[in-house]
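Data block for protein-v2.cif (mmCIF, C-alpha atoms (C1' of nucleotides)):
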```
data_start
#
loop_
_atom_site.label_atom_id
_atom_site.label_comp_id
_atom_site.auth_asym_id
_atom_site.auth_seq_id
_atom_site.Cartn_x
_atom_site.Cartn_y
_atom_site.Cartn_z
CA MET J 120 65.93 173.22 198.02
CA ARG J 121 64.16 172.50 194.75
CA PRO J 122 62.74 168.99 194.45
CA PHE J 123 64.81 166.78 192.17
CA GLN J 124 61.84 166.27 189.85
CA ASP J 125 61.74 170.02 189.22
CA SER J 126 65.39 170.31 188.24
CA LEU J 127 65.96 171.62 184.75
CA PRO J 128 67.18 168.34 183.25
CA MET J 129 64.25 166.40 184.69
CA MET J 130 61.77 168.98 183.39
CA LEU J 131 63.33 168.76 179.94
CA TYR J 132 63.13 164.96 180.08
CA ARG J 133 59.49 165.16 181.08
CA VAL J 134 58.60 167.51 178.24
CA LEU J 135 60.33 165.22 175.74
CA GLY J 136 58.65 162.23 177.34
CA GLU J 137 55.25 163.81 176.79
CA LEU J 138 55.83 165.03 173.25
CA LEU J 139 57.89 162.37 171.50
CA PRO J 140 55.37 159.52 171.68
CA HIS J 141 53.01 161.61 169.54
CA PHE J 142 55.63 161.70 166.81
CA ARG J 143 56.75 158.11 167.25
CA VAL J 144 53.34 156.65 166.54
CA ILE J 145 53.56 158.33 163.14
CA PHE J 146 57.08 157.18 162.43
CA SER J 147 56.26 153.60 163.34
CA GLU J 148 53.40 153.58 160.83
CA PHE J 149 56.08 154.01 158.17
CA GLY J 150 58.45 151.52 159.78
CA LEU J 151 60.76 154.31 160.92
CA THR J 152 62.40 155.04 164.26
CA GLU J 153 62.74 158.57 165.53
CA GLN J 154 66.43 158.68 164.59
CA GLN J 155 65.79 157.26 161.14
CA TRP J 156 63.21 159.98 160.57
CA ARG J 157 65.65 162.65 161.73
CA VAL J 158 68.15 161.51 159.11
CA LEU J 159 65.54 161.52 156.37
CA ARG J 160 64.21 164.88 157.57
CA VAL J 161 67.65 166.43 157.09
CA LEU J 162 68.30 164.72 153.77
CA TRP J 163 64.96 165.90 152.40
CA GLN J 164 66.19 169.40 153.07
CA ARG J 165 69.80 168.84 151.94
CA ASP J 166 70.71 165.63 150.17
CA ALA J 167 74.12 163.97 149.94
CA ARG J 168 75.34 165.09 153.36
CA PRO J 169 78.60 163.65 154.69
CA LEU J 170 78.10 161.44 157.70
CA LEU J 171 79.77 163.83 160.13
CA ALA J 172 77.64 166.76 158.98
CA LEU J 173 74.57 164.56 159.26
CA SER J 174 75.60 163.68 162.79
CA GLU J 175 75.73 167.36 163.71
CA ASP J 176 72.46 168.17 161.94
CA THR J 177 70.54 165.34 163.57
CA LEU J 178 72.29 165.39 166.97
CA ILE J 179 72.81 161.67 166.52
CA PRO J 180 76.30 160.71 167.74
CA GLY J 181 78.62 159.35 165.07
CA PRO J 182 78.80 155.79 166.34
CA SER J 183 75.00 155.62 166.55
CA LEU J 184 74.55 157.19 163.15
CA VAL J 185 76.56 154.46 161.49
CA GLY J 186 73.97 151.92 162.60
CA VAL J 187 71.02 154.17 161.78
CA VAL J 188 72.32 154.60 158.24
CA ASP J 189 72.97 150.87 157.99
CA ARG J 190 69.31 150.18 158.70
CA LEU J 191 68.08 152.95 156.39
CA GLN J 192 70.30 151.45 153.70
CA ARG J 193 68.92 147.98 154.33
CA ALA J 194 65.41 149.48 153.92
CA GLU J 195 66.60 150.95 150.60
CA LEU J 196 65.81 154.51 151.69
CA VAL J 197 69.40 155.83 151.43
CA ARG J 198 72.74 154.71 150.05
CA ARG J 199 76.37 155.46 150.92
CA GLN J 200 78.50 157.31 148.36
CA ARG J 201 82.22 157.57 149.00
CA SER J 202 83.49 161.02 148.02
CA SER J 203 86.09 161.06 145.23
CA ASP J 204 87.88 164.30 146.14
CA ASP J 205 88.22 163.41 149.84
CA ARG J 206 88.07 159.67 150.14
CA ARG J 207 87.56 159.85 153.90
CA LEU J 208 84.07 161.30 153.41
CA VAL J 209 80.99 159.16 152.95
CA ARG J 210 77.98 161.00 151.61
CA ILE J 211 74.52 159.73 152.50
CA VAL J 212 72.19 159.97 149.51
CA LEU J 213 68.43 159.47 149.31
CA THR J 214 67.03 156.77 147.06
CA PRO J 215 63.84 157.54 145.09
CA LYS J 216 62.01 155.44 147.69
CA GLY J 217 63.52 157.52 150.47
CA ARG J 218 62.66 160.74 148.73
CA GLY J 219 59.10 159.59 148.07
CA LEU J 220 58.48 159.13 151.78
CA GLU J 221 58.64 162.87 152.41
CA GLU J 222 55.20 163.81 151.17
CA GLN J 223 53.60 160.98 153.13
CA VAL J 224 55.27 161.63 156.49
CA THR J 225 55.58 165.41 156.53
CA PRO J 226 51.90 166.40 156.71
CA ARG J 227 51.33 163.98 159.57
CA VAL J 228 54.24 165.44 161.52
CA ASP J 229 53.15 168.99 160.75
CA ALA J 230 49.74 168.22 162.19
CA VAL J 231 51.33 167.33 165.52
CA TYR J 232 53.36 170.54 165.49
CA LEU J 233 50.18 172.45 164.80
CA ALA J 234 48.44 170.82 167.74
CA LEU J 235 51.47 171.60 169.87
CA GLU J 236 51.05 175.30 169.30
CA GLU J 237 47.85 175.29 171.32
CA LEU J 238 49.72 174.47 174.50
CA LEU J 239 51.21 177.95 174.88
CA SER J 240 50.46 181.40 173.56
CA THR J 241 52.50 182.82 170.71
CA ARG J 242 54.26 185.11 173.11
CA GLU J 243 55.06 182.26 175.48
CA TRP J 244 56.45 180.10 172.68
CA GLY J 245 58.64 182.98 171.61
CA LEU J 246 60.04 183.49 175.08
CA LEU J 247 60.53 179.78 175.64
CA ARG J 248 62.57 179.51 172.42
CA ASP J 249 64.47 182.61 173.42
CA TYR J 250 65.48 181.17 176.78
CA LEU J 251 66.38 177.76 175.40
CA GLY J 252 68.47 179.47 172.72
CA LYS J 253 70.25 181.55 175.31
CA ILE J 254 71.11 178.50 177.36
CA ILE J 255 72.53 176.81 174.29
CA ASP J 256 74.53 179.85 173.29
CA ARG J 257 75.91 180.46 176.75
CA ALA J 258 76.55 176.88 177.81
CA HIS J 259 80.23 177.28 176.97
CA LEU J 260 80.49 179.54 180.03
CA LEU J 261 80.01 176.47 182.21
CA ASP J 262 83.31 174.94 181.11
CA GLN J 263 85.23 177.99 182.30
CA GLN J 264 83.36 178.31 185.55
CA ASN J 265 83.94 174.69 186.40
CA ARG J 266 87.60 174.97 185.52
CA ALA J 267 87.93 178.03 187.76
CA ALA J 268 86.16 176.30 190.64
CA THR J 269 88.36 173.23 190.23
CA GLN J 270 91.53 175.33 190.28
CA LYS J 271 90.42 177.26 193.30
CA GLY J 272 89.68 173.98 195.03
CA GLY J 273 93.31 172.97 194.49
CA ALA J 274 92.82 169.94 192.27
CA ASP J 275 95.76 168.20 190.61
CA GLU J 276 96.98 169.91 187.46
CA PRO J 277 98.76 168.13 184.62
CA MET Q 106 58.80 177.11 157.80
CA ARG Q 107 60.96 176.77 160.87
CA PRO Q 108 64.27 174.98 160.33
CA PHE Q 109 64.26 171.46 161.70
CA GLN Q 110 67.13 172.28 164.07
CA ASP Q 111 64.95 174.92 165.74
CA SER Q 112 62.00 172.62 166.37
CA LEU Q 113 61.10 172.26 170.03
CA PRO Q 114 62.33 168.68 170.44
CA MET Q 115 65.67 169.46 168.80
CA MET Q 116 66.13 172.53 170.99
CA LEU Q 117 65.40 170.45 174.08
CA TYR Q 118 67.89 167.83 172.94
CA ARG Q 119 70.50 170.50 172.39
CA VAL Q 120 70.03 171.98 175.85
CA LEU Q 121 70.34 168.54 177.42
CA GLY Q 122 73.36 167.82 175.23
CA GLU Q 123 75.08 170.94 176.53
CA LEU Q 124 74.21 170.48 180.20
CA LEU Q 125 74.43 166.78 180.93
CA PRO Q 126 78.14 166.29 180.22
CA HIS Q 127 78.89 168.69 183.06
CA PHE Q 128 77.07 166.39 185.45
CA ARG Q 129 78.37 163.17 183.91
CA VAL Q 130 82.02 164.03 184.55
CA ILE Q 131 81.14 164.20 188.25
CA PHE Q 132 79.17 160.95 188.26
CA SER Q 133 81.95 159.09 186.49
CA GLU Q 134 84.42 160.15 189.17
CA PHE Q 135 82.34 158.09 191.57
CA GLY Q 136 81.88 155.24 189.11
CA LEU Q 137 78.24 156.16 188.57
CA THR Q 138 76.21 156.62 185.40
CA GLU Q 139 73.62 159.34 185.12
CA GLN Q 140 70.78 156.85 185.67
CA GLN Q 141 72.48 155.25 188.64
CA TRP Q 142 72.85 158.69 190.19
CA ARG Q 143 69.18 159.46 189.57
CA VAL Q 144 68.19 156.35 191.51
CA LEU Q 145 70.48 157.23 194.40
CA ARG Q 146 69.32 160.84 194.31
CA VAL Q 147 65.72 159.71 194.83
CA LEU Q 148 66.59 157.14 197.49
CA TRP Q 149 68.58 159.71 199.47
CA GLN Q 150 65.40 161.70 199.65
CA ARG Q 151 63.05 158.75 200.23
CA ASP Q 152 64.50 155.34 200.94
CA ALA Q 153 62.89 151.93 200.37
CA ARG Q 154 60.92 152.94 197.28
CA PRO Q 155 59.15 150.23 195.30
CA LEU Q 156 60.62 149.73 191.85
CA LEU Q 157 57.61 151.12 190.02
CA ALA Q 158 57.57 154.29 192.13
CA LEU Q 159 61.29 154.65 191.56
CA SER Q 160 60.70 154.35 187.85
CA GLU Q 161 58.22 157.22 187.97
CA ASP Q 162 60.44 159.34 190.21
CA THR Q 163 63.54 158.91 188.06
CA LEU Q 164 61.81 158.78 184.66
CA ILE Q 165 63.75 155.59 184.01
CA PRO Q 166 61.52 153.06 182.22
CA GLY Q 167 60.81 149.89 184.15
CA PRO Q 168 62.78 147.51 181.95
CA SER Q 169 65.81 149.81 182.09
CA LEU Q 170 65.52 150.32 185.82
CA VAL Q 171 65.79 146.60 186.48
CA GLY Q 172 69.27 146.67 184.97
CA VAL Q 173 70.25 149.91 186.66
CA VAL Q 174 69.30 148.46 190.05
CA ASP Q 175 71.14 145.24 189.20
CA ARG Q 176 74.35 147.19 188.71
CA LEU Q 177 73.81 149.35 191.79
CA GLN Q 178 73.28 146.15 193.73
CA ARG Q 179 76.45 144.62 192.32
CA ALA Q 180 78.27 147.80 193.46
CA GLU Q 181 76.75 147.22 196.93
CA LEU Q 182 75.05 150.62 196.94
CA VAL Q 183 71.47 149.29 197.20
CA ARG Q 184 69.69 146.02 197.85
CA ARG Q 185 66.32 144.56 196.90
CA GLN Q 186 63.77 143.89 199.61
CA ARG Q 187 60.63 141.96 198.73
CA SER Q 188 57.60 143.45 200.47
CA SER Q 189 55.82 141.12 202.87
CA ASP Q 190 52.34 142.64 202.73
CA ASP Q 191 52.27 142.80 198.93
CA ARG Q 192 54.66 140.22 197.63
CA ARG Q 193 54.60 141.69 194.13
CA LEU Q 194 56.48 144.76 195.33
CA VAL Q 195 60.25 144.99 195.49
CA ARG Q 196 61.58 147.85 197.57
CA ILE Q 197 64.98 149.29 196.73
CA VAL Q 198 66.91 150.08 199.87
CA LEU Q 199 70.18 151.99 200.32
CA THR Q 200 73.16 150.25 201.89
CA PRO Q 201 75.35 152.24 204.29
CA LYS Q 202 77.82 152.56 201.43
CA GLY Q 203 75.09 153.93 199.17
CA ARG Q 204 73.95 156.35 201.81
CA GLY Q 205 77.48 157.52 202.47
CA LEU Q 206 77.91 158.61 198.86
CA GLU Q 207 75.40 161.42 199.29
CA GLU Q 208 77.62 163.91 201.06
CA GLN Q 209 80.42 163.36 198.56
CA VAL Q 210 78.41 163.74 195.36
CA THR Q 211 75.81 166.32 196.32
CA PRO Q 212 78.06 169.38 196.80
CA ARG Q 213 79.70 168.74 193.43
CA VAL Q 214 76.35 168.55 191.68
CA ASP Q 215 75.08 171.62 193.50
CA ALA Q 216 78.09 173.56 192.24
CA VAL Q 217 77.05 172.84 188.66
CA TYR Q 218 73.49 173.93 189.38
CA LEU Q 219 74.85 177.11 190.89
CA ALA Q 220 76.93 177.81 187.79
CA LEU Q 221 73.87 177.09 185.68
CA GLU Q 222 71.96 179.91 187.30
CA GLU Q 223 74.27 182.44 185.68
CA LEU Q 224 73.01 181.55 182.22
CA LEU Q 225 69.64 183.29 182.67
CA SER Q 226 68.22 185.91 184.98
CA THR Q 227 66.04 184.89 187.90
CA ARG Q 228 63.01 186.16 186.07
CA GLU Q 229 63.91 184.22 182.93
CA TRP Q 230 64.45 181.00 184.88
CA GLY Q 231 61.06 181.46 186.47
CA LEU Q 232 59.31 181.92 183.17
CA LEU Q 233 61.18 179.04 181.55
CA ARG Q 234 60.09 176.70 184.34
CA ASP Q 235 56.58 178.06 184.07
CA TYR Q 236 56.35 177.32 180.35
CA LEU Q 237 57.91 173.88 180.63
CA GLY Q 238 55.49 173.10 183.43
CA LYS Q 239 52.55 174.24 181.38
CA ILE Q 240 53.57 172.03 178.48
CA ILE Q 241 53.83 169.05 180.81
CA ASP Q 242 50.46 169.79 182.40
CA ARG Q 243 48.66 170.34 179.11
CA ALA Q 244 50.28 167.60 177.05
CA HIS Q 245 47.25 165.38 177.59
CA LEU Q 246 45.36 167.71 175.28
CA LEU Q 247 47.40 166.38 172.39
CA ASP Q 248 45.89 162.91 172.69
CA GLN Q 249 42.39 164.24 172.23
CA GLN Q 250 43.32 166.53 169.36
CA ASN Q 251 45.02 163.74 167.51
CA ARG Q 252 42.11 161.44 168.09
CA ALA Q 253 39.70 164.08 166.76
CA ALA Q 254 41.86 164.70 163.70
CA THR Q 255 42.08 160.96 163.01
CA GLN Q 256 38.32 160.54 163.26
CA LYS Q 257 37.66 163.51 161.04
CA GLY Q 258 40.09 162.05 158.52
CA GLY Q 259 37.96 158.92 158.38
CA ALA Q 260 40.46 156.38 159.62
CA ASP Q 261 39.43 152.80 160.34
CA GLU Q 262 37.71 152.35 163.69
CA PRO Q 263 37.66 149.11 165.66
"C1'" DT C 187 34.73 130.70 196.29
"C1'" DC C 188 36.59 131.01 191.86
"C1'" DA C 189 37.45 132.67 187.46
"C1'" DA C 190 38.53 136.94 185.12
"C1'" DT C 191 41.21 140.87 185.39
"C1'" DA C 192 44.80 143.99 187.13
"C1'" DT C 193 49.29 145.01 188.93
"C1'" DC C 194 54.29 144.50 189.66
"C1'" DA C 195 58.73 143.07 188.40
"C1'" DT C 196 61.16 140.95 185.05
"C1'" DT C 197 62.69 139.19 180.45
"C1'" DC C 198 63.32 139.56 175.52
"C1'" DA C 199 64.68 141.63 171.01
"C1'" DT C 200 66.03 145.49 168.73
"C1'" DA C 201 67.77 150.21 168.53
"C1'" DT C 202 70.44 153.81 170.45
"C1'" DC C 203 73.83 156.20 173.61
"C1'" DT C 204 78.49 156.86 175.68
"C1'" DA C 205 83.35 156.63 175.79
"C1'" DA C 206 87.30 154.77 173.94
"C1'" DA C 207 89.86 152.83 170.23
"C1'" DT C 208 91.00 151.80 165.31
"C1'" DG C 209 92.01 152.06 160.21
"C1'" DA C 210 92.17 154.83 156.26
"C1'" DT C 211 93.07 159.07 154.27
"C1'" DA C 212 94.60 164.26 154.45
"C1'" DT C 213 97.24 167.86 155.97
"C1'" DT C 214 101.09 170.08 157.88
"C1'" DG C 215 105.73 171.42 159.22
"C1'" DA C 216 110.60 170.49 159.33
"C1'" DT V 87 109.67 164.53 150.83
"C1'" DC V 88 108.36 162.43 155.05
"C1'" DA V 89 107.15 161.93 159.57
"C1'" DA V 90 103.91 163.81 162.90
"C1'" DT V 91 99.33 165.12 163.44
"C1'" DA V 92 94.45 165.69 162.24
"C1'" DT V 93 90.14 164.17 160.33
"C1'" DC V 94 86.47 160.91 158.98
"C1'" DA V 95 84.03 156.73 159.36
"C1'" DT V 96 83.79 152.76 161.79
"C1'" DT V 97 84.11 149.27 165.55
"C1'" DT V 98 83.88 147.80 170.28
"C1'" DA V 99 81.95 147.23 174.97
"C1'" DG V 100 78.90 148.40 178.32
"C1'" DA V 101 74.63 150.83 179.59
"C1'" DT V 102 70.04 152.46 178.51
"C1'" DA V 103 65.50 153.08 175.68
"C1'" DT V 104 61.43 151.06 173.43
"C1'" DG V 105 57.69 147.93 172.81
"C1'" DA V 106 55.99 143.49 173.59
"C1'" DA V 107 55.50 139.54 176.42
"C1'" DT V 108 55.69 136.70 180.74
"C1'" DG V 109 55.29 134.87 185.59
"C1'" DA V 110 53.86 135.77 190.10
"C1'" DT V 111 50.74 137.82 193.07
"C1'" DA V 112 46.33 140.77 194.16
"C1'" DT V 113 41.90 142.19 193.47
"C1'" DT V 114 37.35 142.01 191.86
"C1'" DG V 115 32.78 140.47 190.52
"C1'" DA V 116 29.57 136.81 189.61
#
```
Write the structure described by the file as C-alpha cells, please.
Amino acid sequence: MRPFQDSLPMMLYRVLGELLPHFRVIFSEFGLTEQQWRVLRVLWQRDARPLLALSEDTLIPGPSLVGVVDRLQRAELVRRQRSSDDRRLVRIVLTPKGRGLEEQVTPRVDAVYLALEELLSTREWGLLRDYLGKIIDRAHLLDQQNRAATQKGGADEP
Amino acid sequence: MRPFQDSLPMMLYRVLGELLPHFRVIFSEFGLTEQQWRVLRVLWQRDARPLLALSEDTLIPGPSLVGVVDRLQRAELVRRQRSSDDRRLVRIVLTPKGRGLEEQVTPRVDAVYLALEELLSTREWGLLRDYLGKIIDRAHLLDQQNRAATQKGGADEP
DNA sequence: TCAATATCATTCATATCTAAATGATATTGA
DNA sequence: TCAATATCATTTAGATATGAATGATATTGA
C-alpha cells in the first residue's frame, strides 16, 4: 500500500507548501494576502467583474470573497458597484491605486515563475500540465462512479 | 503569456478542489473533518507520535494541530500523553474508540482512491508522481535563485 | 555550574475555508 | 398577473491557516 504521505492530495499539498511561500513574501511586501492578490490579478486582466464570476476566476469561495473584497475596499484598491440592469449583481472595480499596483507586483511575481521553470524540463512541464488538466476535466466521472458503488452497496435511496 | 487560471498553483488548487469533496463526504459521515482524519490516518500507522512529528506527517501547521487534537480529544478519539524523558514532548495516543474507527473509514477512502485511478493511465500516474516529487525535491533551489536575484538587484543587506 | 541558546507545545490576532442559511432581486410557469 | 423557483451577495458558526510571540524544558559552551 502506498504511504499516506505519497497520496495524490498530500503530494499536491506539499508542492503548494513549497511554492506558495515564495509568492507570499512578495505579496506581503505590498501589504497583500495571497487571496487579495488573486482578486487584483483577475481584475487587472478584466475589470468590473461580478462577485460570483470573480469567485470562479480566483477559486475563492463566495463567502470568503466577500471578506477579501471588504479588506481590499478598506485599502482603497477596489470598490463595489451595484449593477443597474440586474440589481442582484455587485461588480468589483479597481481604483486607480489598485490599478497602479499591477506594474509593481507583476514583475516580481514573474521572476518567481521564471525561476520555477528550472525545476523541470519543458517537456516535463508540458506533461505535468497535461495530466493535471486531464484530472480536472475527468473529475466529474468520480461522482457517477461513487453513485454506482453506493447503489450497488444497497444504501438508502430517497 | 499563460492565463492566470492555468498557472501551476491554480491548477493544483483546481485538482484539489475537484478531489477533496469526494473524501470529505466520507469523513463527515463519521463526524470527522479532513484534518482530523489526517491525524487519525497517521496514528493508525504509527501511534503515540509527538505533536511536532504529527504536524510534519500531516502537513498541518503546529498552531492548527493544537486545535485539531483538542477536538479529537473532546471526541474521545485520542489523548495527550506528556513524555517523561523529555517533558517538552506531548505524544498523541489513540483511544480504543479512535483505533476502532480505522476499519470503518479506510475501505470507504480506498474506494475513492480506486475510482481515482481510472482518471489516468498507470503510466501517466507514474509520471505525474515523478514530476510532483521532483518539484518537491528541487524546491530548495528557489530560495537560492531568489536570493541571487535580490542581491543582483542591489537590495538592502543587513 | 550557569548563562545563552534551542526546542516543543501552546496562545494570540487576523484571514480564510466549509457548509448552511438568509434577504433581495429575477425569472418562470400556470 | 402572481406564486413558485432560481440566482446573487451576504451572514453565520465552526474549523483551519498564517505569522508572531510566549512559557516550559533541554542543551550547549564558557
inquiry  = Once the PyMOL selection byres ((chain J and resi 149-153) around 10) has been evaluated on this model, what residues remain selected, and can you format them as a PyMOL selection string?
reply    = (chain J and resi 139-140+142-148+154-159+187+190-191+194+220+223-224) or (chain C and resi 201)
message = Taking all atoms listed in the file into account and nothing else, which residues of chain V lie no more than 8 Å away from chain Q? Please answer as a list in words.
response =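 Written out as asked, the residues are DT102, DA103, DA110, DT111 and DA112 of chain V.
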task = Report as a PyMOL selection string the residues that result from applying the PyMOL selection byres ((chain Q and resi 114-120) around 9) to the structure here.
result = (chain J and resi 128+131-132+134-135+138-139+177-178+248+251-252+254-255+258) or (chain Q and resi 109-113+121-125)
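If you count all atoms listed in the file and ignore residues fewer than 5 places along the chain from range 204-208 of chain C, what sits within 9 Å of it is V:DT96, V:DT97, V:DT98, V:DG100, V:DA101.
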Please put the answer as JSON: centre and edge lengths, in Å with one decimal, of a box along x, y and z that encloses all listed atoms of range 204-214 of chain C plus 5 Å on each side.
```
{"center_x": 89.8, "center_y": 160.9, "center_z": 165.0, "size_x": 32.6, "size_y": 28.3, "size_z": 31.5}
```
message = Using Å and a single decimal, report how far CA of Thr211 in chain Q sits from CA of Met120 in chain J.
response =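 Calculated distance between CA of Met120 in chain J and CA of Thr211 in chain Q is 12.2 Å.
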message = Select, as an NGL selection string, those residues of chain C with any atom no more than 8 Å from chain Q (distances computed using only C-alpha atoms (C1' of nucleotides)).
response = :C and (194-196)
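For the pair CA of Asp152 in chain Q and CA of Arg196 in chain Q, the separation is 8.7 Å.
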request  = Determine the nearest neighbour of chain J from the options Q:Asp215, Q:Thr227, Q:Val183, Q:Ala220, counting only C-alpha atoms.
outcome  =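 Closest residue, counting only C-alpha atoms: Q:Ala220.
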Counting all atoms listed in the file, the residue of J:Asp249, J:Glu195, J:Asp189, J:Glu221 that sits nearest chain Q =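 Comparing J:Asp249, J:Glu195, J:Asp189, J:Glu221 against chain Q, the winner is J:Asp249.
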I need range 194-208 of chain C written out with N, CA and C atoms (P, O5', C5', C4', C3', O3' and C1' of nucleotides), as a CSV table (one decimal), in the first residue's frame; please produce it.
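Result went into decode11.csv, see below:
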```csv
chain,number,residue,atom,x,y,z
C,194,DC,P,12.1,19.8,18.7
C,194,DC,O5',10.8,19.9,19.5
C,194,DC,C5',10.7,19.4,20.8
C,194,DC,C4',9.5,19.9,21.5
C,194,DC,C3',8.2,19.8,20.7
C,194,DC,O3',7.3,18.9,21.4
C,194,DC,C1',8.5,21.9,21.9
C,195,DA,P,5.9,18.5,20.7
C,195,DA,O5',4.9,19.6,21.3
C,195,DA,C5',4.6,19.5,22.7
C,195,DA,C4',3.9,20.7,23.1
C,195,DA,C3',2.5,21.0,22.6
C,195,DA,O3',1.5,20.8,23.6
C,195,DA,C1',3.8,23.0,22.6
C,196,DT,P,-0.1,21.1,23.2
C,196,DT,O5',-0.2,22.7,23.4
C,196,DT,C5',0.2,23.3,24.6
C,196,DT,C4',0.2,24.8,24.4
C,196,DT,C3',-1.1,25.4,23.9
C,196,DT,O3',-1.8,26.0,25.0
C,196,DT,C1',0.8,26.5,23.0
C,197,DT,P,-3.3,26.6,24.8
C,197,DT,O5',-3.0,28.1,24.4
C,197,DT,C5',-2.2,28.9,25.3
C,197,DT,C4',-2.0,30.3,24.7
C,197,DT,C3',-3.2,31.0,24.2
C,197,DT,O3',-3.3,32.3,24.8
C,197,DT,C1',-1.5,31.1,22.5
C,198,DC,P,-4.6,33.2,24.7
C,198,DC,O5',-4.3,34.2,23.5
C,198,DC,C5',-3.2,35.0,23.6
C,198,DC,C4',-3.0,35.7,22.2
C,198,DC,C3',-4.3,36.2,21.6
C,198,DC,O3',-4.3,37.7,21.6
C,198,DC,C1',-2.8,35.2,20.0
C,199,DA,P,-5.6,38.5,21.2
C,199,DA,O5',-5.3,38.8,19.6
C,199,DA,C5',-4.1,39.3,19.3
C,199,DA,C4',-4.0,39.6,17.8
C,199,DA,C3',-5.4,40.0,17.2
C,199,DA,O3',-5.2,41.0,16.2
C,199,DA,C1',-4.7,38.0,16.1
C,200,DT,P,-6.4,41.8,15.5
C,200,DT,O5',-6.4,41.2,14.0
C,200,DT,C5',-5.2,41.2,13.3
C,200,DT,C4',-5.3,40.3,12.1
C,200,DT,C3',-6.6,40.4,11.2
C,200,DT,O3',-6.2,40.8,9.9
C,200,DT,C1',-6.1,38.1,11.7
C,201,DA,P,-7.3,41.0,8.8
C,201,DA,O5',-7.3,39.6,8.0
C,201,DA,C5',-6.0,39.1,7.5
C,201,DA,C4',-6.2,37.8,6.8
C,201,DA,C3',-7.4,37.7,5.8
C,201,DA,O3',-6.9,37.2,4.6
C,201,DA,C1',-7.5,35.9,7.4
C,202,DT,P,-7.9,37.1,3.4
C,202,DT,O5',-8.4,35.5,3.4
C,202,DT,C5',-7.5,34.5,3.3
C,202,DT,C4',-8.1,33.2,3.6
C,202,DT,C3',-9.3,32.8,2.8
C,202,DT,O3',-8.9,31.7,1.9
C,202,DT,C1',-9.7,32.2,5.0
C,203,DC,P,-10.0,31.0,1.0
C,203,DC,O5',-10.6,29.8,1.9
C,203,DC,C5',-9.7,28.8,2.3
C,203,DC,C4',-10.5,27.7,3.0
C,203,DC,C3',-11.6,27.1,2.2
C,203,DC,O3',-11.6,25.7,2.4
C,203,DC,C1',-12.4,27.8,4.3
C,204,DT,P,-12.5,24.7,1.4
C,204,DT,O5',-13.8,24.3,2.2
C,204,DT,C5',-13.6,23.7,3.4
C,204,DT,C4',-14.9,23.6,4.1
C,204,DT,C3',-16.1,23.3,3.2
C,204,DT,O3',-16.7,22.0,3.5
C,204,DT,C1',-16.7,25.0,4.7
C,205,DA,P,-17.8,21.4,2.6
C,205,DA,O5',-19.2,21.7,3.4
C,205,DA,C5',-19.2,21.6,4.8
C,205,DA,C4',-20.5,22.1,5.3
C,205,DA,C3',-21.7,22.0,4.4
C,205,DA,O3',-22.8,21.5,5.2
C,205,DA,C1',-21.5,24.2,5.0
C,206,DA,P,-24.2,21.2,4.5
C,206,DA,O5',-25.1,22.3,5.1
C,206,DA,C5',-25.1,22.6,6.5
C,206,DA,C4',-25.7,23.9,6.8
C,206,DA,C3',-27.1,24.1,6.1
C,206,DA,O3',-28.1,24.3,7.1
C,206,DA,C1',-25.7,26.1,5.9
C,207,DA,P,-29.6,24.6,6.6
C,207,DA,O5',-29.7,26.2,6.7
C,207,DA,C5',-29.3,26.9,7.9
C,207,DA,C4',-29.4,28.4,7.7
C,207,DA,C3',-30.7,28.9,7.2
C,207,DA,O3',-31.3,29.9,8.0
C,207,DA,C1',-28.9,29.8,6.0
C,208,DT,P,-32.7,30.5,7.8
C,208,DT,O5',-32.4,31.9,7.1
C,208,DT,C5',-31.4,32.8,7.8
C,208,DT,C4',-31.3,34.0,6.9
C,208,DT,C3',-32.5,34.5,6.3
C,208,DT,O3',-32.7,35.9,6.7
C,208,DT,C1',-30.8,34.4,4.7
```
